[in-house]
Every structure is written in C-alpha cells, then in structure tokens.
Amino acid sequence: MAEQPIVRMQKVNKYFGRLHVLRDIELDVVPGEVVVIIGASGSGKSTLIRCVNGLEPFQQGAIEVDGHPLKPGDQGSRDLQAIRREVGMVFQQFNLFPHRTVLQNVTLAPMKVRGTDRREAEETARRLLDRVGIGNQAEKYPTQLSGGQQQRVAIARALAMEPRLMLFDEPTSALDPEMIGEVLDVMRELAGEGMTMMIVTHEMGFAREVADRVIYIHEGQIVEEGPPEEVFDRPQSERTQAFLSRVLKH
Amino acid sequence: MGGDFTFDWQAAIASIPYLLEGIPYTLLISFAGLVFGFLLGIVFGLLSINPVRLLRWPAIAYIEVFRGTPVLVQVLFIFYGLPELLGGPINALTAGIAAIALNSGAYISEIVRGGVQSIDRGQREAGLSLGLSRGQTFRYVIWPQALKRMIPPLGNQAIVSIKDTSLFSVIGVGELVRQGQIYIATTFTALEVYLMVALLYLAITLTLSALLRWAERTGVVGGR
C-alpha cells in the first residue's frame with residue numbers, strides 16, 4: 001500500500017443541527033480499491049460518501065480527493081468543482097434528467113463541463129450505453145425505461161465523465177428484486193476493470209464478493225473494517241456481530 | 001320594461017367594427033405587460049429563494065406589495081400619482097403596461113418560485129455531482145423542468161392579466177371596454193354592446209387556452 005490514496009478523510013465530523021452524524025471519520029481509499037460501507041439506516045453511511053463529493057458539507061476535519069483539498073463548509077470552491085469532475089456518483093433514486101433523452105442524459109456533462117463536441121460525446125455515450133446493455137434505448141426518455149435500466153443509464157452517465165472514483169449510494173435499494181442483478185452485474189464488471197469505488201449497499205452477498213475492504217459504520221463511527229472475509233466471518237465488535245446477524249438471517 | 005325588451009342583433013353587429021378598434025390596445029397592453037411581467041417574475045422569483053437575505057427580502061417585499069393591492073389602484077397610482085413625483089404626465093398606455101407588468105410580475109414570481117422549488121432535490125445533486133456548476137445545473141437541469149410545470153399557472157396568469165386590462169378604461173386607454181362605453185354613450189345599447197365585449201374577451205382567452213394546451217401537449221416548452 002505504498003500508493004497515494006485517492007481519497008483521504010481525516011477526523012471528519014458532521015452534524016445535522018445537534019445530531020452528530022459523522023464522528024472522527026478516518027478513511028483512506030487507494031486507486032483501484034473497492035470499499036463497501038455497510039450499516040443500519042441512519043448510521044451515516046450515505047452521509048459519509050456524500051461528503052466525498054461535497055454534496056454534504058462537513059464541519060470539522062479534512063478531506064482530500066485526488067489531490068484536491070475539501071475544507072469544512074465548502075459548497076462551491078474550485079477544488080470542489082475539480083473533485084466533482086473526477087468523481088462520479090450513482091444515487092438510490094437514479095436522478096436521471098426526465099426532460100432529456102437517455103443519450104442527452106449521458107452527453108450533457110461531457111459537453112458542458114469538458115467542452116467535448118457533440119459528435120464525440122454521442123459516440124462515447126453510445127459506447128457506454130452499449131456497455132451497460134441499454135444501447136438500443138438511447139433515444140427514449142428515462143421514464144420509458146424500467147428501474148434497472150434507468151440505474152444502468154445513471155451509471156453510464158457518470159462514466160461519461162471518465163471519473164477516477166465512483167460513489168454508489170444504495171444503488172439497488174429502490175429497485176424491484178428482479179432488477180437488482182442487472183445493476184450489480186454492471187458494478188461487478190466495473191470493479192473487475194479496476195475502477196475505484198465506494199459503495200453503500202445492503203446487498204451483503206455482493207459486498208462480500210466485490211469488496212476489497214468492508215467498513216461497518218454505527219452511529220456515525222467506523223466500528224470495524226477489513227477484508228470481507230474478516231468482517232463477515234469473524235467480526236470483532238459486538239455491534240458488527242449484532243448487525244450482521246440481523247441482516248444475514250434472511 | 002323587462003319582458004318587452006328585444007335583443008337588437010343589428011345594434012350588436014353594428015358595434016363590432018368599433019369594438020375591434022379596441023382589441024389592438026387590449027392585446028398590446030396584455031402582451032407587453034406580460035412579457036415584462038415574466039421578466040420581473042423570473043428575476044424576483046429567483047431572488048425570493050436566494051439564500052442571501054439582502055437579496056431575498058426586497059424580492060419578497062415587491063411580491064407582497066403588488067400582489068396585495070388591486071391592479072386598479074396600482075394603475076391609478078401610476079397614471080395620476082406618479083406624475084406628481086416625476087413632474088410630467090405619463091402616457092395612459094405606458095401606465096397600463098406598467099401596471100400589468102408589475103402586478104403579473106408579482107404573481108409570476110410566485111409561479112417561478114413554486115416551479116423551481118417543485119423540482120426534486122436529487123436533480124440538483126445529480127447535476128452538481130457530474131461537475132456542472134450551480135449555474136449550469138440550474139440552466140440545463142432545473143429550469144427546463146420547472147418551466148414546463150409553470151405553463152398551466154402562467155396560462156392562468158395571462159388570462160387574468162388580459163381581463164385586468166379592462167380596468168384601464170378608467171384612465172382612458174382606448175381598449176375594448178372603453179370602446180364599448182363610448183359606443184354605448186351614443187347608442188344606448190348597453191346589453192348588446194357589453195355582450196359583444198364579453199364575447200370578444202372570450203375569443204381572446206379561449207385562443208390563448210388552446211395555444212397553451214397545445215404547448216403543453218407537444219412539449220415545445222421544456223421537452224417532455
């Protein structure tokens with residue numbers, strides 16, 4: 001692990017009003033690593049990854065992403081802009097742009113942020129849509145697609161910016177069970193290609209399979225972290241054991 | 001009295017050419033007033049949701065004042081009151097356009113605010129997370145969706161404002177109602193003429209409604 005981390009979180013604290021949602025988060029992610037964050041709802045796991053691209057400002061500590069510092073309270077600095085150009089994000093609710101076609105969803109950011117010309121942006125977009133298995137739906141509008149298809153478009157949209165890091169915020173939680181697999185397949189493939197990923201998920205089987213490291217977070221604190229075999233099979237903390245016995249039972 | 005009255009179709013039809021002369025004024029005041037009102041509405045509507053208090057408060061004050069006072073009072077103030085401050089008369093047509101602009105602007109500000117605030121927070125987050133600036137996120141993601149949702153209430157406002165122009169007969173703008181009044185003064189055919197006046201307003205507002213429905217259906221505004 002001599003490699004420079006791409007994400008470095010140091011003593012990050014965040015409050016929603018009086019609620020202390022992140023407590024002294026210390027977390028480094030190296031390029032190519034797949035980090036899966038698990039924990040009960042309300043534990044702060046989504047908030048944690050939303051801090052990485054500044055969707056949530058934090059109050060104390062420091063975050064550095066790909067060499068760009070992010071300071072407490074930052075909501076729009078140049079560094080934050082730079083971070084967002086390099087970091088893709090996939091949301092629970094997809095958040096596709098309903099007024100734009102699938103193709104236009106994917107080409108928007110490359111054209112407006114990177115200044116890519118339309119022809120090139122569309123070529124890239126079609127290639128990415130093919131890759132996630134939506135190539136023949138490029139001219140449709142998001143609402144004409146199933147949830148699983150929409151989420152795959154959202155992944156393609158993020159990939160179009162050629163991100164160095166991908167954040168996934170419960171990407172399958174809003175999907176019907178039969179569509180979860182198709183989204184996880186795409187993510188698995190990405191992980192296999194060496195994409196650096198931070199994933200918040202409730203899919204424990206998937207976590208065990210793709211994660212290089214699993215982080216268990218409880219009440220805003222990292223309670224346990226390690227390779228999936230260790231965290232899942234030999235959890236050290238009682239809290240982790242209790243959580244896992246609850247989620248793995250069924 | 002009552003039962004003896006017969007509707008004089010000839011008088012009604014005879015009044016039409018005269019009434020039609022008022023239509024350009026009605027349309028001009030409505031159109032120009034609403035165009036400026038829309039601009040005011042965008043500016044003050046967006047200011048009214050700006051996090052900076054110093055920008056937000058004046059916008060809210062403007063909205064409350066012009067929404068909370070009658071158009072008639074506003075135009076009387078502009079036409080009779082303002083000249084005392086400015087030291088020169090104000091053209092009645094200008095006063096009418098200004099009153100519609102300021103009044104509809106206040107309502108449209110609220111329409112703009114509601115439209116923008118109705119867009120899911122996730123849309124903004126998606127835009128920002130892709131590296132779009134806040135301005136770009138607004139322009140390419142939020143605004144087109146908000147605009148589409150604003151069409152029905154904007155249509156309502158346009159119809160209200162068109163009808164409001166009838167009040168400007170009191171300051172002597174030769175719009176539809178004023179033309180009717182002048183005509184009636186010499187012919188004493190109030191029933192016939194006011195019915196024609198009403199039908200002409202209806203023709204204008206129904207045309208507008210049809211246009212708006214078409215705009216909504218075909219998605220010429222804000223895509224699908």
# chains A, B, ... in the order shown; residues from 1 in each chain; ligands from 1
>>> interface_residues(of="chain B", to="chain A", cutoff="12 Å", atoms="only C-alpha atoms", output="PyMOL selection string")
chain B and resi 119-137+139-149+219-224
>>> write_last_selection(atoms="N, CA and C atoms", output="compact mmCIF listing (two decimals), in the first residue's frame")
# COMPACT_ATOMS: atom_id res chain seq x y z
N ILE B 119 -38.98 21.05 -8.15
CA ILE B 119 -38.08 20.07 -8.77
C ILE B 119 -37.32 19.33 -7.68
N ASP B 120 -37.32 18.01 -7.80
CA ASP B 120 -36.71 17.17 -6.78
C ASP B 120 -35.24 17.56 -6.53
N ARG B 121 -34.87 17.54 -5.26
CA ARG B 121 -33.51 17.89 -4.85
C ARG B 121 -32.47 17.01 -5.54
N GLY B 122 -32.86 15.78 -5.83
CA GLY B 122 -31.93 14.85 -6.47
C GLY B 122 -31.48 15.32 -7.85
N GLN B 123 -32.31 16.11 -8.53
CA GLN B 123 -31.93 16.63 -9.84
C GLN B 123 -30.73 17.56 -9.72
N ARG B 124 -30.78 18.42 -8.71
CA ARG B 124 -29.69 19.35 -8.49
C ARG B 124 -28.43 18.57 -8.10
N GLU B 125 -28.62 17.60 -7.23
CA GLU B 125 -27.47 16.81 -6.78
C GLU B 125 -26.84 16.06 -7.94
N ALA B 126 -27.69 15.53 -8.83
CA ALA B 126 -27.15 14.80 -9.98
C ALA B 126 -26.34 15.74 -10.86
N GLY B 127 -26.88 16.94 -11.10
CA GLY B 127 -26.16 17.92 -11.92
C GLY B 127 -24.82 18.29 -11.31
N LEU B 128 -24.84 18.62 -10.03
CA LEU B 128 -23.61 19.02 -9.35
C LEU B 128 -22.61 17.88 -9.32
N SER B 129 -23.10 16.65 -9.09
CA SER B 129 -22.18 15.52 -8.96
C SER B 129 -21.50 15.22 -10.30
N LEU B 130 -22.11 15.65 -11.39
CA LEU B 130 -21.49 15.44 -12.71
C LEU B 130 -20.45 16.50 -13.03
N GLY B 131 -20.32 17.49 -12.14
CA GLY B 131 -19.32 18.53 -12.37
C GLY B 131 -19.90 19.80 -12.96
N LEU B 132 -21.21 19.81 -13.20
CA LEU B 132 -21.83 21.04 -13.68
C LEU B 132 -21.75 22.09 -12.58
N SER B 133 -21.55 23.35 -12.96
CA SER B 133 -21.56 24.41 -11.96
C SER B 133 -23.00 24.60 -11.48
N ARG B 134 -23.18 25.41 -10.43
CA ARG B 134 -24.53 25.65 -9.96
C ARG B 134 -25.38 26.33 -11.05
N GLY B 135 -24.74 27.27 -11.78
CA GLY B 135 -25.44 27.96 -12.86
C GLY B 135 -25.85 26.99 -13.96
N GLN B 136 -24.90 26.13 -14.35
CA GLN B 136 -25.22 25.15 -15.41
C GLN B 136 -26.29 24.17 -14.95
N THR B 137 -26.22 23.77 -13.70
CA THR B 137 -27.22 22.85 -13.18
C THR B 137 -28.59 23.49 -13.25
N ARG B 139 -29.50 25.97 -15.30
CA ARG B 139 -29.89 26.23 -16.68
C ARG B 139 -30.28 24.98 -17.46
N TYR B 140 -29.51 23.91 -17.29
CA TYR B 140 -29.75 22.72 -18.12
C TYR B 140 -30.61 21.66 -17.44
N VAL B 141 -30.68 21.71 -16.11
CA VAL B 141 -31.39 20.64 -15.40
C VAL B 141 -32.68 21.16 -14.74
N ILE B 142 -32.54 22.19 -13.91
CA ILE B 142 -33.70 22.63 -13.11
C ILE B 142 -34.69 23.44 -13.94
N TRP B 143 -34.18 24.49 -14.60
CA TRP B 143 -35.07 25.44 -15.26
C TRP B 143 -35.98 24.81 -16.32
N PRO B 144 -35.45 23.98 -17.23
CA PRO B 144 -36.36 23.41 -18.25
C PRO B 144 -37.50 22.62 -17.63
N GLN B 145 -37.22 21.90 -16.56
CA GLN B 145 -38.27 21.12 -15.90
C GLN B 145 -39.25 22.02 -15.17
N ALA B 146 -38.70 23.06 -14.54
CA ALA B 146 -39.56 24.00 -13.80
C ALA B 146 -40.48 24.73 -14.78
N LEU B 147 -39.90 25.16 -15.91
CA LEU B 147 -40.66 25.92 -16.90
C LEU B 147 -41.87 25.13 -17.39
N LYS B 148 -41.65 23.86 -17.62
CA LYS B 148 -42.75 23.03 -18.09
C LYS B 148 -43.88 22.99 -17.06
N ARG B 149 -43.49 22.87 -15.80
CA ARG B 149 -44.52 22.84 -14.76
C ARG B 149 -45.19 24.19 -14.57
N GLY B 219 -44.96 19.57 -25.95
CA GLY B 219 -43.66 19.70 -25.31
C GLY B 219 -42.73 20.69 -25.98
N VAL B 220 -43.29 21.73 -26.63
CA VAL B 220 -42.41 22.75 -27.21
C VAL B 220 -41.66 23.48 -26.11
N VAL B 221 -42.21 23.44 -24.90
CA VAL B 221 -41.51 24.06 -23.77
C VAL B 221 -40.99 22.97 -22.86
N GLY B 222 -39.68 22.99 -22.61
CA GLY B 222 -39.08 22.11 -21.60
C GLY B 222 -39.10 20.64 -21.94
N GLY B 223 -39.27 20.29 -23.21
CA GLY B 223 -39.23 18.88 -23.59
C GLY B 223 -40.41 18.13 -23.01
N ARG B 224 -40.23 16.83 -22.91
CA ARG B 224 -41.34 16.02 -22.46
C ARG B 224 -41.63 16.14 -20.98
>>> residues_around(residues="segment 65-73 of chain B", least_positions_apart="3", cutoff="7 Å", atoms="only C-alpha atoms", output="MDAnalysis selection string")
chainID B and resid 61:62 76:77 99 102:103 106:107 167
>>> residues_around(residues="Ile159 of chain B", least_positions_apart="5", cutoff="10 Å", atoms="only C-alpha atoms", output="list in words")
Ser30, Pro153, Leu154, Asp164, Tyr201, Leu202, Ile204, Thr205, Leu206, Leu208 and Ser209 of chain B
>>> select_by_dssp(residues="segment 26-220 of chain A", states="alpha helix (DSSP H)", output="PyMOL selection string")
chain A and resi 45-52+78-86+102-109+118-131+147-159+177-192+204-210
>>> residues_around(residues="Ile42 of chain B", least_positions_apart="2", cutoff="8 Å", atoms="only C-alpha atoms", output="PDB file with C-alpha atoms, in the first residue's frame")
ATOM      1  CA  PHE B  38     -42.449  37.401 -16.982  1.00  0.00           C
ATOM      2  CA  LEU B  39     -39.014  39.005 -16.828  1.00  0.00           C
ATOM      3  CA  LEU B  40     -39.835  40.575 -13.462  1.00  0.00           C
ATOM      4  CA  PHE B  44     -37.859  38.384  -8.363  1.00  0.00           C
ATOM      5  CA  GLY B  45     -38.994  34.770  -8.213  1.00  0.00           C
ATOM      6  CA  LEU B  46     -35.394  33.572  -8.199  1.00  0.00           C
ATOM      7  CA  ILE B 108     -45.331  35.166 -11.781  1.00  0.00           C
ATOM      8  CA  SER B 109     -42.563  35.471  -9.166  1.00  0.00           C
ATOM      9  CA  VAL B 112     -41.390  30.766 -10.716  1.00  0.00           C
TER      10      VAL B 112
END
>>> atom_distance(atom1="atom CA of Glu33 of chain A", atom2="atom CA of Glu56 of chain A")
22.9 Å
>>> atom_distance(atom1="atom CA of Arg152 of chain A", atom2="atom CA of Ser43 of chain A")
26.7 Å
>>> atom_distance(atom1="atom CA of Ala92 of chain B", atom2="atom CA of Ser15 of chain B")
24.0 Å
>>> closest_residue(among="B:Ile63, B:Ile151, B:Leu200, B:Ala215", to="Pro24 of chain B", atoms="only C-alpha atoms")
B:Leu200
>>> residues_around(residues="Leu20 of chain B", least_positions_apart="6", cutoff="12 Å", atoms="only C-alpha atoms", output="ChimeraX atom specification")
/B:13-14,26-27,174-180,183,193,196-197,199-201,203-204
>>> residues_around(residues="Ala138 of chain A", least_positions_apart="2", cutoff="6 Å", atoms="only C-alpha atoms", output="PyMOL selection string")
chain A and resi 102-103+135-136+140
>>> write_last_selection(atoms="N, CA and C atoms", output="PDB file, in the first residue's frame")
ATOM      1  N   VAL A 102     -32.221   9.534 -23.002  1.00  0.00           N
ATOM      2  CA  VAL A 102     -31.139   8.758 -22.401  1.00  0.00           C
ATOM      3  C   VAL A 102     -29.789   9.253 -22.925  1.00  0.00           C
ATOM      4  N   LEU A 103     -29.715   9.403 -24.228  1.00  0.00           N
ATOM      5  CA  LEU A 103     -28.453   9.859 -24.831  1.00  0.00           C
ATOM      6  C   LEU A 103     -28.071  11.247 -24.302  1.00  0.00           C
ATOM      7  N   GLY A 135     -27.910   0.082 -25.158  1.00  0.00           N
ATOM      8  CA  GLY A 135     -27.570   0.714 -26.429  1.00  0.00           C
ATOM      9  C   GLY A 135     -28.760   0.994 -27.331  1.00  0.00           C
ATOM     10  N   ASN A 136     -29.773   0.125 -27.294  1.00  0.00           N
ATOM     11  CA  ASN A 136     -30.909   0.297 -28.209  1.00  0.00           C
ATOM     12  C   ASN A 136     -32.002   1.202 -27.638  1.00  0.00           C
ATOM     13  N   LYS A 140     -34.831   7.033 -26.124  1.00  0.00           N
ATOM     14  CA  LYS A 140     -36.001   7.064 -25.234  1.00  0.00           C
ATOM     15  C   LYS A 140     -35.801   8.065 -24.098  1.00  0.00           C
TER      16      LYS A 140
END
>>> residues_around(residues="segment 173-189 of chain A", least_positions_apart="5", cutoff="12 Å", atoms="only C-alpha atoms", output="MDAnalysis selection string")
chainID A and resid 34 41 90:95 128:134 145:156 159 166:168 194:211
>>> closest_residue(among="A:Ala121, A:Val29, A:Val35, A:Leu22", to="Val214 of chain A", atoms="only C-alpha atoms")
A:Val35
